[in-house]
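Just below is one structure, and these are the notes that go with it.
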Amino acid sequence: MTSLIGHNKGPVSGHGFRKVAWANARSELLGNKVPLQIVRMRVRRAAELGLSYPQYASVLMGTGRDITAFLFTVDGLQLRLRRELEMPGRVRDKLQGLTKADLLSFAPSGENPTEFRVELSEVAGVPFAHTGAEPATSASWADAKAAIRSVLDPAKLPGGAVIMVGTRPQEAEWAVAGKLARFLPSAEYFLTTSTR
């Protein structure tokens, strides 16, 4: 195999080698400290997502990806399903303050996801990109994963870039089944104040 101009004649393939070489190059360039400008960018991005800096940093450390969407369960949005959909003001305010992230949601059992998305967007005052049917209470891991993918696939979102916000332990299991970046309890997420 002929080497091109500028090739240093090192290994041409191998994921392991590239990973080690990249880590070594980064370590030589940055050392063990993260530059202040990168920290500032991350603090700004955490505020855009309505997350505290430690929450955002832990997702970055765990997945290596930025968050591009939030998937909310019905309970996670703290919705009251009466004759008309009702949402607490602090939840609405937080959703309206989010930038540069898609909002996704499950629809309650028996509801048409498209009609629910329209009503939810009106009540929240912000557009929800996609909505899908919530998994059944007794859903298997495969069913939970399929339900999550039915919401993420239309937006072509990788699970590792999505945080699920919910309330119940089984919703946390759905997030694991869907290989999402993180599950955040609703009370924790909606109490987090951004530092804009």
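Identifiers for the structure tokens are assigned positionally: chains receive A, B, ... in sequence, residues are indexed from 1 per chain, and ligands are indexed from 1 in the order shown.
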From a backbone DSSP assignment, name each residue in stretch 47-174 of chain A labelled strand (DSSP E or B), as a short mmCIF file (atom, residue, chain, number, x, y, z; two decimals) with C-alpha atoms, in the first residue's frame.
```cif
data_model
loop_
_atom_site.label_atom_id
_atom_site.label_comp_id
_atom_site.auth_asym_id
_atom_site.auth_seq_id
_atom_site.Cartn_x
_atom_site.Cartn_y
_atom_site.Cartn_z
CA ALA A 69 -33.19 16.68 23.22
CA PHE A 70 -35.30 15.99 26.27
CA LEU A 71 -37.90 13.21 26.37
CA PHE A 72 -40.60 13.92 28.94
CA ARG A 80 -52.96 17.29 35.16
CA LEU A 81 -55.22 15.41 32.78
CA LEU A 85 -54.60 19.80 29.93
CA GLU A 86 -53.03 21.82 32.77
CA ASP A 102 -35.70 19.43 20.93
CA LEU A 103 -38.62 18.76 23.25
CA LEU A 104 -40.16 15.30 22.96
CA SER A 105 -42.90 13.65 24.96
CA PHE A 106 -44.83 10.50 25.52
CA ALA A 107 -48.61 10.71 25.18
CA HIS A 130 -42.36 14.64 18.42
CA THR A 131 -44.67 12.61 20.62
CA GLY A 132 -45.21 8.87 20.84
CA ALA A 133 -47.34 6.45 22.81
CA VAL A 162 -31.28 12.59 25.01
CA ILE A 163 -32.20 13.04 28.67
CA MET A 164 -35.48 11.55 29.89
CA VAL A 165 -37.36 13.45 32.59
CA GLY A 166 -39.89 11.42 34.59
#
```
Exercise for review: Extract, using only C-alpha atoms, all DNA, RNA and protein residues at most 9 Å from A:Pro127, discarding same-chain residues fewer than 5 positions from it, and format them as a list in words.
Suggested key: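 Answer for this query is Asp102, Leu103, Arg117, Val118, Leu120, Ser121 and Glu122 of chain A.
If you measure from each of A:Gln55, A:Ser140, A:Thr114, A:Thr99 to A:Val43 using only C-alpha atoms, the closest one turns out to be A:Gln55.
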Exercise for review: as JSON, numbers by chain, list the residues of stretch 103-184 of chain A assigned to alpha helix (DSSP H) by DSSP on the backbone atoms of this structure.
Suggested key: {"A": [113, 114, 115, 116, 117, 118, 119, 120, 121, 122, 123, 124, 141, 142, 143, 144, 145, 146, 147, 148, 149, 150, 151, 152, 169, 170, 171, 172, 173, 174, 175, 176, 177]}
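Taking atom CA of A:Lys179 as the reference point, atom CA of A:Lys156 is found at 14.5 Å.
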Close residues, A:Pro54 itself excluded, 12 Å, only C-alpha atoms, min 5 positions apart in chain, as a compact mmCIF listing (two decimals) with N, CA and C atoms, in the first residue's frame:
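And here is the file that came out, out_13.txt:
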```txt
# COMPACT_ATOMS: atom_id res chain seq x y z
N VAL A 39 -14.76 25.54 29.95
CA VAL A 39 -15.64 25.51 31.11
C VAL A 39 -16.75 26.55 30.95
N ARG A 42 -19.31 25.34 28.52
CA ARG A 42 -20.12 24.29 29.13
C ARG A 42 -21.13 24.86 30.12
N VAL A 43 -20.73 25.86 30.89
CA VAL A 43 -21.65 26.50 31.82
C VAL A 43 -22.79 27.17 31.04
N ARG A 45 -23.83 26.34 28.02
CA ARG A 45 -24.66 25.28 27.42
C ARG A 45 -25.57 24.65 28.47
N ALA A 46 -25.07 24.43 29.68
CA ALA A 46 -25.90 23.88 30.76
C ALA A 46 -27.08 24.80 31.03
N ALA A 47 -26.84 26.11 31.03
CA ALA A 47 -27.92 27.08 31.26
C ALA A 47 -28.94 27.01 30.13
N VAL A 59 -23.16 14.27 32.41
CA VAL A 59 -23.64 13.66 31.17
C VAL A 59 -22.52 13.65 30.14
N LEU A 60 -21.80 14.76 30.02
CA LEU A 60 -20.67 14.82 29.07
C LEU A 60 -19.62 13.77 29.41
N MET A 61 -19.30 13.64 30.68
CA MET A 61 -18.29 12.66 31.10
C MET A 61 -18.76 11.24 30.84
N GLY A 62 -20.07 11.00 31.03
CA GLY A 62 -20.60 9.65 30.88
C GLY A 62 -20.82 9.23 29.44
N THR A 192 -34.10 22.87 39.23
CA THR A 192 -32.78 23.39 38.85
C THR A 192 -32.96 24.76 38.24
N SER A 194 -31.25 27.91 36.17
CA SER A 194 -30.12 28.18 35.30
C SER A 194 -29.42 29.45 35.78
```
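If you count only C-alpha atoms and ignore residues fewer than 4 places along the chain from A:Ala136, what sits within 10 Å of it is Pro108, Ser109, Ser140, Asp143, Ala144 and Ala147 of chain A.
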Would you save the residues from that selection as a PDB file, in the first residue's frame, using N, CA and C atoms?
```
ATOM      1  N   PRO A 108     -50.190  10.108  26.950  1.00  0.00           N
ATOM      2  CA  PRO A 108     -50.801   9.164  27.887  1.00  0.00           C
ATOM      3  C   PRO A 108     -51.459   8.000  27.148  1.00  0.00           C
ATOM      4  N   SER A 109     -51.594   6.907  27.852  1.00  0.00           N
ATOM      5  CA  SER A 109     -52.233   5.714  27.290  1.00  0.00           C
ATOM      6  C   SER A 109     -53.628   6.063  26.753  1.00  0.00           C
ATOM      7  N   SER A 140     -42.157  -4.728  28.368  1.00  0.00           N
ATOM      8  CA  SER A 140     -40.846  -5.384  28.421  1.00  0.00           C
ATOM      9  C   SER A 140     -39.783  -4.370  28.009  1.00  0.00           C
ATOM     10  N   ASP A 143     -40.170  -3.600  24.379  1.00  0.00           N
ATOM     11  CA  ASP A 143     -41.298  -2.702  24.099  1.00  0.00           C
ATOM     12  C   ASP A 143     -40.969  -1.271  24.509  1.00  0.00           C
ATOM     13  N   ALA A 144     -40.308  -1.102  25.644  1.00  0.00           N
ATOM     14  CA  ALA A 144     -39.920   0.234  26.099  1.00  0.00           C
ATOM     15  C   ALA A 144     -38.933   0.863  25.116  1.00  0.00           C
ATOM     16  N   ALA A 147     -40.785   1.949  22.019  1.00  0.00           N
ATOM     17  CA  ALA A 147     -41.565   3.167  22.262  1.00  0.00           C
ATOM     18  C   ALA A 147     -40.660   4.399  22.242  1.00  0.00           C
TER      19      ALA A 147
END
```
Review point. Rounded to one decimal in Å, what is the spacing between atom CA of A:Ser58 and atom CA of A:Phe128?
Key: 25.6 Å
Point to revise | Point-to-point distance from atom CA of A:Leu184 to atom CA of A:Glu48, Å rounded to tenths | key: 16.5 Å
